[in-house]
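Q: Please find one structure pasted underneath; my questions will follow.
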Amino acid sequence: MGRLVIVSNRAPSVDGANDSGGLVVALKDALARNGGLWIGCAPEQTDTPAASLVFHHRPEFDIALFELEPDLYRDYYLGYSNSVLWPALHGRVDLIDVQSRYATAYRKVVRRLARLIADEVSADDMIWVHDYHLIPLAHELKALGVMSRIGFFLHVPLPDLQTFKAIPDWQDLAGCLAEYDLVGVQTQRDLGHMINIFRHILRGELRANGNMGIDGREVVIGCFPISIDVRGFRRLAEEGSVNVPPPALPRLIGVDRLDYSKGLPQRLAGYETFLGRYPGFHNKVGLLQIAPPTRDDVEAYRAIRSELEQLAGRINGRFGTVDWTPVQYIHRALPRDELAVLFRLSRVGLVTPLFDGMNLVAKEYVAAQDQNDPGVLVLSQFAGAAEEMSQALIVNPHDPQDVAEAIRTALEMPLGERVERHRALYVHLEKHDIAHWSSTFLKRLGSVEKIGPEWLALFPELQVRAKAG
């Protein structure tokens with residue numbers, strides 16, 4: 001049995017300081033079991049990148065960093081990954097910024113990374129690639145003769161066929177996805193879109209076992225909803241809130257990266273409608289919106305920040321009094337243990353993205369609640385989490401009246417109903433936690449039949465070098 005090799009754009013911290021709550025928690029045990037390796041981009045760019053991976057040893061697994069030049073990283077990450085793929089995959093084709101150098105940088109980075117990885121892996125290693133930053137990696141690895149099992153998991157949503165075609169090189173990208181041995185997505189919605197994309201772009205055939213037949217080989221596909229360390233997050237909330245008094249007024253809370261996909265202006269519009277429609281709640285409730293900055297170098301993100309600040313100011317100016325501020329807006333990140341306590345002491349959790357792969361804030365809010373006096377989750381129908389969390393109040397974030405009514409319902413919901421809804425949500429989360437997610441994916445990848453030398457015949461124009469192990 002070989003190693004588990006994780007590949008992602010962002011690597012874990014070398015010293016383990018930022019492991020809590022992230023992907024590392026899910027994969028640490030699996031990596032440690034067989035001497036695993038995590039490969040990711042170095043946090044700092046350099047004009048003289050190393051010609052090989054830079055290794056760091058941790059007790060549980062090794063970390064290998066690949067270095068990039070500043071301009072190349074900018075065009076690969078801020079350019080193609082986050083100004084082309086991110087808006088397209090989130091259905092915002094109007095925000096796609098097509099620059100030829102972006103696509104060139106993206107493929108150059110992935111090709112360079114593939115060469116570095118090919119020097120380090122053997123045929124019995126299992127490679128798990130994460131997210132949209134590295135979609136062509138399987139193609140490049142197999143072109144170099146790497147015969148390891150290679151799986152891919154898309155953390156963000158996969159849009160429908162017509163939206164996918166807004167990506168300038170959509171045919172090539174679909175072909176790269178199909179070169180993985182296992183492709184995993186978050187939801188049944190995304191799985192349906194993937195089947196349609198493979199059918200119409202690659203003439204794929206859906207087989208009786210649920211996999212896709214493409215160009216004479218079988219691509220294993222599946223839905224693997226990601227989750228959190230449910231019990232761990234619950235402990236954080238319980239222990240942290242022991243000496244913290246509840247807020248003076250029932251609190252609504254939203255915690256989101258400052259991103260146009262999160263529906264923050266729509267959320268504030270719904271809250272404003274609620275306050276306008278139900279004046280009896282004035283001075284009796286407050287909204288805490290935490291929105292850490294992200295990708296400030298991209299114009300679309302500067303625009304959403306300005307819009308959100310203006311909306312918060314308008315609501316406070318319209319409804320606020322000397323003794324009451326309807327919206328508290330925090331534009332910075334808070335430690336995870338503080339967030340757990342804030343979730344536990346909030347009566348309503350507002351999770352209203354316009355399009356999201358999963359949205360783990362919804363699961364964190366539920367995990368943090370006091371089971372004897374839980375709050376209520378208001379959840380967008382467009383969040384991947386809505387497929388699993390039907391006991392939440394499901395809303396259309398584009399409809400401010402719908403959001404307003406859900407807020408009122410949540411605030412007025414009797415204790416018995418709150419307990420019943422929370423219990424059902426928590427039982428499901430506890431069973432389908434982050435460990436279940438990772439183990440399910442890896443078990444599926446491990447069962448995939450390994451590729452053989454016949455795959456190399458598909459690349460006669462390349463001088464390949466098979467990795468014998």
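Labels for the structure tokens follow display order: chains A, B, ..., residues from 1 in each chain, ligands from 1.
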Which residues are near region 153-166 of chain A? Cut-off 9 Å, only C-alpha atoms, ignore same chain within fewer than 5 positions. Put them as a PyMOL selection string.

A: chain A and resi 86+88-93+96+128-132+135+171+182-187+189-194+196-197+200-201+224+226+355-358+384+441

Q: Can those selected residues be exported to a file as a PDB file, in the first residue's frame so that it contains C-alpha atoms?

A:
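Written out: result27.pdb:
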ATOM      1  CA  TRP A  86     -14.638  31.184  -9.873  1.00  0.00           C
ATOM      2  CA  ALA A  88     -18.177  30.899 -14.087  1.00  0.00           C
ATOM      3  CA  LEU A  89     -18.571  28.044 -11.605  1.00  0.00           C
ATOM      4  CA  HIS A  90     -20.738  30.285  -9.402  1.00  0.00           C
ATOM      5  CA  GLY A  91     -22.994  31.322 -12.276  1.00  0.00           C
ATOM      6  CA  ARG A  92     -21.668  34.893 -12.556  1.00  0.00           C
ATOM      7  CA  VAL A  93     -20.654  34.807 -16.203  1.00  0.00           C
ATOM      8  CA  ILE A  96     -15.612  36.647 -16.151  1.00  0.00           C
ATOM      9  CA  TRP A 128      -6.240  13.271  -4.318  1.00  0.00           C
ATOM     10  CA  VAL A 129      -6.441  16.646  -6.095  1.00  0.00           C
ATOM     11  CA  HIS A 130      -8.580  19.411  -4.616  1.00  0.00           C
ATOM     12  CA  ASP A 131     -10.590  22.112  -6.341  1.00  0.00           C
ATOM     13  CA  TYR A 132     -10.765  24.265  -9.422  1.00  0.00           C
ATOM     14  CA  ILE A 135      -8.346  20.794 -12.834  1.00  0.00           C
ATOM     15  CA  GLN A 171     -14.210  21.713 -24.047  1.00  0.00           C
ATOM     16  CA  LEU A 182     -12.790   9.490  -9.658  1.00  0.00           C
ATOM     17  CA  VAL A 183     -14.505  12.876  -9.804  1.00  0.00           C
ATOM     18  CA  GLY A 184     -16.407  13.931  -6.692  1.00  0.00           C
ATOM     19  CA  VAL A 185     -18.791  16.839  -6.229  1.00  0.00           C
ATOM     20  CA  GLN A 186     -20.740  18.191  -3.273  1.00  0.00           C
ATOM     21  CA  THR A 187     -24.382  17.630  -4.235  1.00  0.00           C
ATOM     22  CA  ARG A 189     -27.429  18.965  -8.201  1.00  0.00           C
ATOM     23  CA  ASP A 190     -23.753  19.176  -9.181  1.00  0.00           C
ATOM     24  CA  LEU A 191     -23.642  15.481 -10.075  1.00  0.00           C
ATOM     25  CA  GLY A 192     -26.515  15.977 -12.496  1.00  0.00           C
ATOM     26  CA  HIS A 193     -24.706  18.907 -14.087  1.00  0.00           C
ATOM     27  CA  MET A 194     -21.516  16.852 -14.429  1.00  0.00           C
ATOM     28  CA  ASN A 196     -24.914  16.473 -18.565  1.00  0.00           C
ATOM     29  CA  ILE A 197     -21.558  18.136 -19.271  1.00  0.00           C
ATOM     30  CA  HIS A 200     -22.995  16.696 -24.352  1.00  0.00           C
ATOM     31  CA  ILE A 201     -19.349  17.753 -24.552  1.00  0.00           C
ATOM     32  CA  PHE A 224     -19.588  13.418  -1.487  1.00  0.00           C
ATOM     33  CA  ILE A 226     -18.236  17.721   2.760  1.00  0.00           C
ATOM     34  CA  PHE A 355     -24.812  29.700  -5.219  1.00  0.00           C
ATOM     35  CA  ASP A 356     -22.548  27.606  -2.997  1.00  0.00           C
ATOM     36  CA  GLY A 357     -20.890  24.212  -3.228  1.00  0.00           C
ATOM     37  CA  MET A 358     -21.814  23.327   0.361  1.00  0.00           C
ATOM     38  CA  GLY A 384     -25.367  22.766  -1.289  1.00  0.00           C
ATOM     39  CA  PHE A 441     -14.114   9.341  -0.890  1.00  0.00           C
TER      40      PHE A 441
END

Q: Extract the full set of strand (DSSP E) residues from region 150-272 of chain A according to DSSP on the backbone, and format it as a PyMOL selection string.

A: chain A and resi 150-153+182-185+205-206+212-214+217-223+251-255

Q: Which neighbours of region 177-181 of chain A fall inside 8 Å, counting only C-alpha atoms, when residues of the same chain fewer than 5 positions from it are skipped, and could you give them as a ChimeraX atom specification?

A: /A:135-136,138-139,149-152,198,214,218-220,445,448

Q: Tell me, as an MDAnalysis selection string, which residues lie within 12 Å of Ala26 (chain A), counting only C-alpha atoms; anything in the same chain fewer than 4 positions away does not count.

A: chainID A and resid 6 19:22 30:32 226:230 232 433:442

Q: Can you list every residue of region 331-423 of chain A that has an atom at most 8 Å from region 261-275 of chain A, with its nearest atom pair and the distance in Å to one decimal, using only C-alpha atoms, ordered by chain then number, as a tab-separated table?

A:
residue	atom	partner	partner_atom	distance
A:Leu350	CA	A:Arg267	CA	7.9
A:Thr352	CA	A:Gly263	CA	5.8
A:Pro353	CA	A:Lys262	CA	3.9
A:Leu354	CA	A:Gly263	CA	5.2
A:Phe355	CA	A:Ser261	CA	5.9
A:Asp356	CA	A:Ser261	CA	7.1
A:Pro397	CA	A:Gln266	CA	6.1
A:His398	CA	A:Gln266	CA	6.2
A:Asp399	CA	A:Gly270	CA	7.4
A:Pro400	CA	A:Gly270	CA	3.9
A:Gln401	CA	A:Gly270	CA	6.4
A:Asp402	CA	A:Gly270	CA	7.5
A:Val403	CA	A:Gly270	CA	5.0
A:Ala404	CA	A:Phe274	CA	4.3
A:Glu405	CA	A:Phe274	CA	7.0
A:Ile407	CA	A:Phe274	CA	7.3
A:Arg408	CA	A:Phe274	CA	7.3

Q: Go ahead and write the selection's residues with N, CA and C atoms as a PDB file, in the first residue's frame.

A:
ATOM      1  N   LEU A 350     -28.135  33.068   9.713  1.00  0.00           N
ATOM      2  CA  LEU A 350     -28.517  33.440   8.345  1.00  0.00           C
ATOM      3  C   LEU A 350     -27.426  32.979   7.381  1.00  0.00           C
ATOM      4  N   THR A 352     -27.289  32.598   3.443  1.00  0.00           N
ATOM      5  CA  THR A 352     -28.122  32.868   2.265  1.00  0.00           C
ATOM      6  C   THR A 352     -27.296  33.093   0.996  1.00  0.00           C
ATOM      7  N   PRO A 353     -26.405  32.172   0.640  1.00  0.00           N
ATOM      8  CA  PRO A 353     -25.624  32.357  -0.589  1.00  0.00           C
ATOM      9  C   PRO A 353     -26.508  32.273  -1.834  1.00  0.00           C
ATOM     10  N   LEU A 354     -26.037  32.912  -2.891  1.00  0.00           N
ATOM     11  CA  LEU A 354     -26.729  32.839  -4.178  1.00  0.00           C
ATOM     12  C   LEU A 354     -26.407  31.532  -4.892  1.00  0.00           C
ATOM     13  N   PHE A 355     -25.228  30.976  -4.625  1.00  0.00           N
ATOM     14  CA  PHE A 355     -24.812  29.700  -5.219  1.00  0.00           C
ATOM     15  C   PHE A 355     -23.586  29.243  -4.449  1.00  0.00           C
ATOM     16  N   ASP A 356     -23.644  28.075  -3.837  1.00  0.00           N
ATOM     17  CA  ASP A 356     -22.548  27.606  -2.997  1.00  0.00           C
ATOM     18  C   ASP A 356     -22.385  26.104  -3.159  1.00  0.00           C
ATOM     19  N   PRO A 397     -32.934  33.532  -1.574  1.00  0.00           N
ATOM     20  CA  PRO A 397     -32.242  34.751  -1.149  1.00  0.00           C
ATOM     21  C   PRO A 397     -32.502  35.951  -2.038  1.00  0.00           C
ATOM     22  N   HIS A 398     -33.000  35.706  -3.258  1.00  0.00           N
ATOM     23  CA  HIS A 398     -33.304  36.804  -4.163  1.00  0.00           C
ATOM     24  C   HIS A 398     -34.617  37.500  -3.796  1.00  0.00           C
ATOM     25  N   ASP A 399     -35.407  36.892  -2.938  1.00  0.00           N
ATOM     26  CA  ASP A 399     -36.728  37.417  -2.563  1.00  0.00           C
ATOM     27  C   ASP A 399     -36.668  37.990  -1.154  1.00  0.00           C
ATOM     28  N   PRO A 400     -36.579  39.319  -1.003  1.00  0.00           N
ATOM     29  CA  PRO A 400     -36.456  39.898   0.343  1.00  0.00           C
ATOM     30  C   PRO A 400     -37.663  39.612   1.219  1.00  0.00           C
ATOM     31  N   GLN A 401     -38.853  39.472   0.616  1.00  0.00           N
ATOM     32  CA  GLN A 401     -40.037  39.136   1.411  1.00  0.00           C
ATOM     33  C   GLN A 401     -39.925  37.735   2.005  1.00  0.00           C
ATOM     34  N   ASP A 402     -39.386  36.808   1.215  1.00  0.00           N
ATOM     35  CA  ASP A 402     -39.216  35.436   1.694  1.00  0.00           C
ATOM     36  C   ASP A 402     -38.223  35.392   2.858  1.00  0.00           C
ATOM     37  N   VAL A 403     -37.115  36.120   2.720  1.00  0.00           N
ATOM     38  CA  VAL A 403     -36.123  36.177   3.792  1.00  0.00           C
ATOM     39  C   VAL A 403     -36.713  36.834   5.031  1.00  0.00           C
ATOM     40  N   ALA A 404     -37.467  37.901   4.828  1.00  0.00           N
ATOM     41  CA  ALA A 404     -38.080  38.605   5.959  1.00  0.00           C
ATOM     42  C   ALA A 404     -39.039  37.700   6.722  1.00  0.00           C
ATOM     43  N   GLU A 405     -39.845  36.939   5.993  1.00  0.00           N
ATOM     44  CA  GLU A 405     -40.803  36.048   6.653  1.00  0.00           C
ATOM     45  C   GLU A 405     -40.091  34.927   7.405  1.00  0.00           C
ATOM     46  N   ILE A 407     -37.137  35.147   8.807  1.00  0.00           N
ATOM     47  CA  ILE A 407     -36.581  35.749  10.024  1.00  0.00           C
ATOM     48  C   ILE A 407     -37.663  35.848  11.094  1.00  0.00           C
ATOM     49  N   ARG A 408     -38.833  36.322  10.699  1.00  0.00           N
ATOM     50  CA  ARG A 408     -39.935  36.435  11.667  1.00  0.00           C
ATOM     51  C   ARG A 408     -40.311  35.059  12.210  1.00  0.00           C
TER      52      ARG A 408
END

Q: Please provide as a PyMOL selection string all residues within 10 Å of region 250-257 of chain A, with the sequence filter that same-chain residues fewer than 2 positions apart are discarded (counting only C-alpha atoms).

A: chain A and resi 246-248+259-264+267+271+284-295+327-334+339+342-343+345-353+359+361-362+365+375-378+407+410-411

Q: Distance table requested - region 170-190 of chain A against region 102-117 of chain A, cut-off 12 Å, only C-alpha atoms: one row per qualifying residue with the closest atom pair and its distance in Å to one decimal, ordered by chain and rising residue number, as a tab-separated table.

A:
residue	atom	partner	partner_atom	distance
A:Trp170	CA	A:Ala103	CA	11.6
A:Asp172	CA	A:Arg107	CA	11.2
A:Leu173	CA	A:Arg107	CA	10.8
A:Cys176	CA	A:Arg107	CA	11.4

Q: Near Glu388 (chain A), within 9 Å and counting only C-alpha atoms, which residues show up once chain neighbours fewer than 4 positions away are dropped, as an mmCIF file with C-alpha atoms, in the first residue's frame?

A:
data_model
loop_
_atom_site.group_PDB
_atom_site.id
_atom_site.type_symbol
_atom_site.label_atom_id
_atom_site.label_comp_id
_atom_site.auth_asym_id
_atom_site.auth_seq_id
_atom_site.Cartn_x
_atom_site.Cartn_y
_atom_site.Cartn_z
ATOM 1 C CA PRO A 225 -21.027 16.213 0.696
ATOM 2 C CA GLY A 384 -25.367 22.766 -1.289
ATOM 3 C CA LEU A 425 -30.218 18.343 11.824
ATOM 4 C CA HIS A 428 -27.592 13.789 10.486
ATOM 5 C CA LEU A 429 -24.467 15.934 10.881
#

Q: Pick the closest to Met147 (chain A) from A:Glu309, A:Phe233, A:Glu449, A:Pro335: which is it, counting only C-alpha atoms?

A: A:Glu449
